[in-house]
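Asker: Sharing entry_18.cif below, mmCIF, C-alpha atoms and all ligand atoms:
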```cif
data_start
loop_
_atom_site.label_atom_id
_atom_site.label_comp_id
_atom_site.auth_asym_id
_atom_site.auth_seq_id
_atom_site.Cartn_x
_atom_site.Cartn_y
_atom_site.Cartn_z
CA MET A 1 102.02 72.58 -16.50
CA ALA A 2 99.71 73.40 -19.36
CA VAL A 3 97.00 75.91 -20.16
CA LEU A 4 93.78 74.01 -20.81
CA LYS A 5 91.01 74.83 -23.28
CA LEU A 6 88.18 76.85 -21.73
CA TYR A 7 84.59 75.86 -22.37
CA GLU A 8 82.19 78.75 -22.72
CA TYR A 9 78.45 79.27 -22.43
CA PRO A 10 76.32 77.56 -23.79
CA HIS A 11 78.49 74.39 -23.90
CA PRO A 12 76.41 71.55 -22.35
CA ILE A 13 79.23 70.42 -20.01
CA LEU A 14 78.64 73.61 -18.01
CA LYS A 15 75.08 72.44 -17.25
CA LYS A 16 76.10 68.97 -16.07
CA LYS A 17 76.39 67.90 -12.42
CA ALA A 18 80.05 66.97 -11.87
CA GLN A 19 81.18 63.63 -10.42
CA LYS A 20 82.94 63.08 -7.09
CA VAL A 21 86.68 62.40 -7.22
CA GLU A 22 87.76 58.98 -5.89
CA LYS A 23 91.19 60.01 -4.65
CA VAL A 24 93.73 62.81 -4.91
CA ASP A 25 96.63 61.11 -6.70
CA ASP A 26 99.50 62.40 -8.87
CA ASP A 27 97.24 62.60 -11.94
CA MET A 28 94.79 64.74 -9.99
CA ARG A 29 97.63 66.96 -8.73
CA LYS A 30 98.82 67.46 -12.29
CA PHE A 31 95.28 68.43 -13.26
CA LEU A 32 95.11 70.87 -10.31
CA ASP A 33 98.40 72.46 -11.49
CA ASP A 34 97.03 72.79 -15.03
CA MET A 35 93.78 74.30 -13.77
CA LEU A 36 95.67 76.88 -11.75
CA GLU A 37 97.85 77.81 -14.70
CA THR A 38 94.75 78.12 -16.91
CA MET A 39 93.08 80.36 -14.34
CA TYR A 40 96.15 82.61 -14.01
CA ALA A 41 96.57 82.77 -17.81
CA ASP A 42 93.10 84.31 -18.05
CA ALA A 43 93.45 86.48 -14.93
CA GLY A 44 90.61 84.63 -13.24
CA VAL A 45 90.16 84.32 -9.47
CA GLY A 46 88.50 80.92 -9.64
CA LEU A 47 88.05 78.00 -12.00
CA ALA A 48 85.96 74.83 -11.83
CA ALA A 49 86.82 71.59 -13.67
CA PRO A 50 83.70 71.63 -15.93
CA GLN A 51 85.01 74.92 -17.37
CA VAL A 52 87.95 72.98 -18.83
CA GLY A 53 85.73 70.15 -20.01
CA VAL A 54 86.24 67.80 -17.05
CA SER A 55 83.06 66.88 -15.20
CA LYS A 56 84.67 66.34 -11.78
CA ARG A 57 84.13 68.06 -8.42
CA VAL A 58 87.32 70.10 -8.45
CA VAL A 59 87.91 73.86 -8.14
CA VAL A 60 90.86 76.20 -7.76
CA ILE A 61 90.60 79.69 -6.30
CA ASP A 62 93.11 82.48 -5.77
CA ILE A 63 91.80 85.88 -4.80
CA SER A 64 95.24 87.31 -3.98
CA HIS A 65 95.49 89.14 -7.37
CA GLU A 66 99.22 89.69 -6.93
CA GLU A 67 101.69 87.37 -8.52
CA GLU A 68 104.35 87.86 -5.84
CA LYS A 69 101.91 86.59 -3.27
CA MET A 70 100.11 83.75 -5.00
CA ASP A 71 97.83 82.03 -2.55
CA PRO A 72 96.04 79.22 -4.36
CA LEU A 73 93.31 77.11 -2.82
CA TYR A 74 92.77 73.66 -4.31
CA MET A 75 89.42 72.09 -3.45
CA VAL A 76 88.49 68.52 -4.33
CA ASN A 77 84.94 67.32 -3.54
CA PRO A 78 84.09 70.64 -1.81
CA GLU A 79 80.86 70.84 0.15
CA ILE A 80 79.25 73.79 1.90
CA ILE A 81 78.54 72.72 5.48
CA TRP A 82 77.35 76.06 6.87
CA LYS A 83 75.86 79.27 5.46
CA SER A 84 75.45 82.64 7.16
CA GLU A 85 71.99 84.18 7.53
CA GLU A 86 73.35 87.41 6.17
CA MET A 87 73.36 87.86 2.39
CA VAL A 88 75.51 90.12 0.24
CA CYS A 89 75.31 91.43 -3.30
CA GLY A 90 78.46 91.64 -5.40
CA GLU A 91 79.40 91.92 -9.04
CA GLU A 92 80.52 88.63 -10.59
CA GLY A 93 82.09 87.57 -13.84
CA CYS A 94 83.03 84.16 -15.20
CA LEU A 95 85.66 82.91 -17.66
CA SER A 96 82.91 80.86 -19.32
CA VAL A 97 80.80 83.99 -19.94
CA PRO A 98 83.59 86.26 -21.20
CA ASP A 99 83.64 90.02 -20.64
CA GLN A 100 80.27 90.16 -18.87
CA ARG A 101 79.46 91.03 -15.26
CA ALA A 102 76.32 91.14 -13.12
CA GLU A 103 75.25 91.61 -9.50
CA VAL A 104 74.48 88.32 -7.75
CA GLU A 105 73.10 87.70 -4.26
CA ARG A 106 75.14 85.25 -2.15
CA PHE A 107 75.59 84.18 1.48
CA ALA A 108 77.96 86.61 3.21
CA ALA A 109 79.94 83.71 4.72
CA VAL A 110 80.11 79.96 4.19
CA LYS A 111 82.02 77.11 5.76
CA VAL A 112 83.34 74.62 3.24
CA LYS A 113 84.76 71.11 3.67
CA TYR A 114 87.07 69.71 0.99
CA LEU A 115 90.16 67.63 0.21
CA ASP A 116 93.31 69.69 -0.39
CA TYR A 117 96.22 69.23 -2.83
CA ASN A 118 97.51 66.33 -0.71
CA GLY A 119 94.12 64.70 -0.29
CA LYS A 120 93.86 65.86 3.31
CA GLU A 121 90.45 66.90 4.61
CA GLN A 122 90.20 70.63 5.34
CA GLU A 123 87.59 73.05 6.58
CA LEU A 124 87.57 76.72 5.71
CA LEU A 125 85.43 79.62 6.85
CA ALA A 126 85.14 81.87 3.80
CA GLU A 127 83.98 85.45 4.18
CA ASP A 128 83.67 88.52 1.98
CA PHE A 129 85.02 88.09 -1.56
CA LEU A 130 86.31 84.58 -0.84
CA ALA A 131 82.80 83.49 0.23
CA ILE A 132 81.44 84.75 -3.10
CA ALA A 133 84.22 83.02 -5.06
CA VAL A 134 83.60 79.70 -3.24
CA GLN A 135 79.85 79.82 -3.92
CA HIS A 136 80.38 80.79 -7.57
CA GLU A 137 82.86 77.94 -8.19
CA LEU A 138 80.85 75.31 -6.28
CA ASP A 139 77.79 76.25 -8.33
CA HIS A 140 79.74 75.23 -11.45
CA LEU A 141 79.97 71.69 -10.03
CA ASP A 142 76.18 71.51 -10.00
CA GLY A 143 75.81 72.91 -13.50
CA ILE A 144 74.83 76.39 -12.32
CA LEU A 145 76.28 79.61 -13.77
CA TYR A 146 75.99 82.98 -12.06
CA ILE A 147 73.71 84.11 -14.89
CA ASP A 148 71.23 81.46 -13.68
CA ARG A 149 70.99 83.46 -10.43
CA ILE A 150 69.97 86.81 -11.94
CA SER A 151 66.58 87.92 -13.24
CA ARG A 152 65.43 86.65 -16.61
CA LEU A 153 65.45 90.18 -18.02
CA LYS A 154 69.01 90.84 -16.88
CA ARG A 155 70.10 87.45 -18.21
CA GLN A 156 68.56 88.15 -21.62
CA MET A 157 70.31 91.52 -21.80
CA LEU A 158 73.64 90.02 -20.75
CA LEU A 159 73.40 87.16 -23.26
CA LYS A 160 72.54 89.63 -26.02
CA LYS A 161 75.69 91.61 -25.19
CA LEU A 162 77.72 88.38 -25.15
CA GLU A 163 76.41 87.42 -28.58
CA LYS A 164 77.14 90.88 -29.97
CA MET A 165 80.68 90.77 -28.59
CA ARG A 166 81.28 87.33 -30.11
CA LYS A 167 80.08 88.53 -33.52
CA GLU A 168 82.37 91.55 -33.34
CA LYS A 169 85.29 89.34 -32.41
CA ALA A 170 84.51 86.95 -35.28
CA HIS A 171 84.68 89.86 -37.74
CA GLN A 172 88.00 91.19 -36.52
NI NI A 201 82.60 80.92 -13.29
#
```
Please express what this file holds, its structure, as structure tokens.
Answerer:
Amino acid sequence: MAVLKLYEYPHPILKKKAQKVEKVDDDMRKFLDDMLETMYADAGVGLAAPQVGVSKRVVVIDISHEEEKMDPLYMVNPEIIWKSEEMVCGEEGCLSVPDQRAEVERFAAVKVKYLDYNGKEQELLAEDFLAIAVQHELDHLDGILYIDRISRLKRQMLLKKLEKMRKEKAHQ
């Protein structure tokens, strides 16, 4: 396994709509392993392929937080097939927008259809934090970042902070 290079805002690949995967073969499984390792290396709870420079409809998610109980979800060609009427607001961050967080409104629950690590079709009802993670990662596949879902004023403030942080880091 290998830790892959992370692409950060405003890299254009993050704005691109990702392509469907033809089949889940050994190469794809190796990529899924690398994505998971990259996500764990940065203490993320989710990662989408465009964030490592690959414009394919692939995400990995693990909201377990504890290493002894790793519980990774591999989703190839994921699609939301049902959304709850209820909405929730939660704080989100993203490895492609480092060290920033903002409140985003999401569906409280979603049902998602996808191909798993073995290429088998699965359906999952995601609720609570998992529902938020699924929606955040699937957005990446359509070129949408969570900062596209907050007000323009909040986005401007957040991007200013991001720029300031990058400048400070560059001077260290
Ligand atoms: Ni993200």
Asker: Considering only C-alpha atoms, can you say which of A:Tyr74, A:Asp99, A:Ala126, A:Tyr114 comes closest to Lys164 (chain A)?
Answerer: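 That would be A:Asp99, the residue with the smallest distance to Lys164 (chain A).
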Asker: Can you list every residue of chain A that has an atom at most 7 Å from ligand NI 201 (chain A), with its nearest atom pair and the distance in Å to one decimal, using all atoms listed in the file, ordered by chain then number, as JSON lines?
Answerer:
```
{"residue": "A:Gly46", "atom": "CA", "partner": "A:NI201", "partner_atom": "NI", "distance": 6.9}
{"residue": "A:Leu47", "atom": "CA", "partner": "A:NI201", "partner_atom": "NI", "distance": 6.3}
{"residue": "A:Gly93", "atom": "CA", "partner": "A:NI201", "partner_atom": "NI", "distance": 6.7}
{"residue": "A:Cys94", "atom": "CA", "partner": "A:NI201", "partner_atom": "NI", "distance": 3.8}
{"residue": "A:Leu95", "atom": "CA", "partner": "A:NI201", "partner_atom": "NI", "distance": 5.7}
{"residue": "A:Ser96", "atom": "CA", "partner": "A:NI201", "partner_atom": "NI", "distance": 6.0}
{"residue": "A:His136", "atom": "CA", "partner": "A:NI201", "partner_atom": "NI", "distance": 6.1}
{"residue": "A:Glu137", "atom": "CA", "partner": "A:NI201", "partner_atom": "NI", "distance": 5.9}
{"residue": "A:His140", "atom": "CA", "partner": "A:NI201", "partner_atom": "NI", "distance": 6.6}
{"residue": "A:Leu145", "atom": "CA", "partner": "A:NI201", "partner_atom": "NI", "distance": 6.5}
```
Asker: Give the answer as one residue: which of A:Leu4, A:Met28, A:Val110, A:Ala131 has the shortest atom-to-atom distance to Gly90 (chain A), using all atoms listed in the file?
Answerer: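 Closest candidate: A:Ala131.
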Asker: When you draw a straight line from CA of Val3 (chain A) to CA of Met35 (chain A), how long is it in Å?
Answerer: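 Atom-to-atom, CA of Val3 (chain A) and CA of Met35 (chain A) are spaced 7.3 Å apart.
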Asker: Return the single residue from A:Arg166, A:His171, A:Lys161, A:Lys113 that is closest to Ile80 (chain A), with distances computed using only C-alpha atoms.
Answerer: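 For Ile80 (chain A), the nearest of the candidates is A:Lys113.
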Asker: Skip Ala102 (chain A) itself and residues of its chain fewer than 5 positions away, then list as a ChimeraX atom specification all residues within 8 Å of it, counting all atoms listed in the file.
Answerer: /A:91-93,147,150
Asker: Show me, as an mmCIF file with C-alpha atoms, in the coordinates of the input, the residues that have an atom within 9 Å of region 52-58 of chain A when counting all atoms listed in the file, minus same-chain residues fewer than 5 positions from it.
Answerer:
```cif
data_model
loop_
_atom_site.group_PDB
_atom_site.id
_atom_site.type_symbol
_atom_site.label_atom_id
_atom_site.label_comp_id
_atom_site.auth_asym_id
_atom_site.auth_seq_id
_atom_site.Cartn_x
_atom_site.Cartn_y
_atom_site.Cartn_z
ATOM 1 C CA LEU A 4 93.780 74.010 -20.810
ATOM 2 C CA LYS A 5 91.010 74.830 -23.280
ATOM 3 C CA LEU A 6 88.180 76.850 -21.730
ATOM 4 C CA TYR A 7 84.590 75.860 -22.370
ATOM 5 C CA ILE A 13 79.230 70.420 -20.010
ATOM 6 C CA LEU A 14 78.640 73.610 -18.010
ATOM 7 C CA LYS A 16 76.100 68.970 -16.070
ATOM 8 C CA LYS A 17 76.390 67.900 -12.420
ATOM 9 C CA ALA A 18 80.050 66.970 -11.870
ATOM 10 C CA GLN A 19 81.180 63.630 -10.420
ATOM 11 C CA LYS A 20 82.940 63.080 -7.090
ATOM 12 C CA VAL A 21 86.680 62.400 -7.220
ATOM 13 C CA LEU A 32 95.110 70.870 -10.310
ATOM 14 C CA MET A 35 93.780 74.300 -13.770
ATOM 15 C CA THR A 38 94.750 78.120 -16.910
ATOM 16 C CA LEU A 47 88.050 78.000 -12.000
ATOM 17 C CA TYR A 74 92.770 73.660 -4.310
ATOM 18 C CA MET A 75 89.420 72.090 -3.450
ATOM 19 C CA VAL A 76 88.490 68.520 -4.330
ATOM 20 C CA ASN A 77 84.940 67.320 -3.540
ATOM 21 C CA PRO A 78 84.090 70.640 -1.810
ATOM 22 C CA LEU A 138 80.850 75.310 -6.280
ATOM 23 C CA HIS A 140 79.740 75.230 -11.450
ATOM 24 C CA LEU A 141 79.970 71.690 -10.030
ATOM 25 C CA ASP A 142 76.180 71.510 -10.000
#
```
Asker: For Asp139 (chain A), which residue among A:Arg29, A:Lys83, A:Lys154, A:Arg106 is the nearest when counting only C-alpha atoms?
Answerer: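 The answer is A:Arg106, which sits nearest to Asp139 (chain A).
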Asker: Record the distance separating CA of Phe107 (chain A) and CA of Leu73 (chain A), expressed in Å with one decimal.
Answerer: 19.6 Å
Asker: Pick from A:Ser84, A:Val59, A:Gly119, A:Asp71: nearest to Ala133 (chain A), with all atoms listed in the file counted?
Answerer: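 Comparing A:Ser84, A:Val59, A:Gly119, A:Asp71 against Ala133 (chain A), the winner is A:Val59.
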Asker: Between A:Arg101, A:Pro10, A:Lys15, A:Ile61, which has the minimum distance to Asp33 (chain A) (counting all atoms listed in the file)?
Answerer: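 Smallest distance to Asp33 (chain A) is found for A:Ile61.
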Asker: Please provide as number ranges by chain all residues within 10 Å of Ala109 (chain A), with the sequence filter that same-chain residues fewer than 2 positions apart are discarded (counting all atoms listed in the file).
Answerer: A: 82-88, 106-107, 111-112, 125-132, 134-135
Asker: CA of Gln51 (chain A) and CA of His11 (chain A), how far apart in Å?
Answerer: 9.2 Å
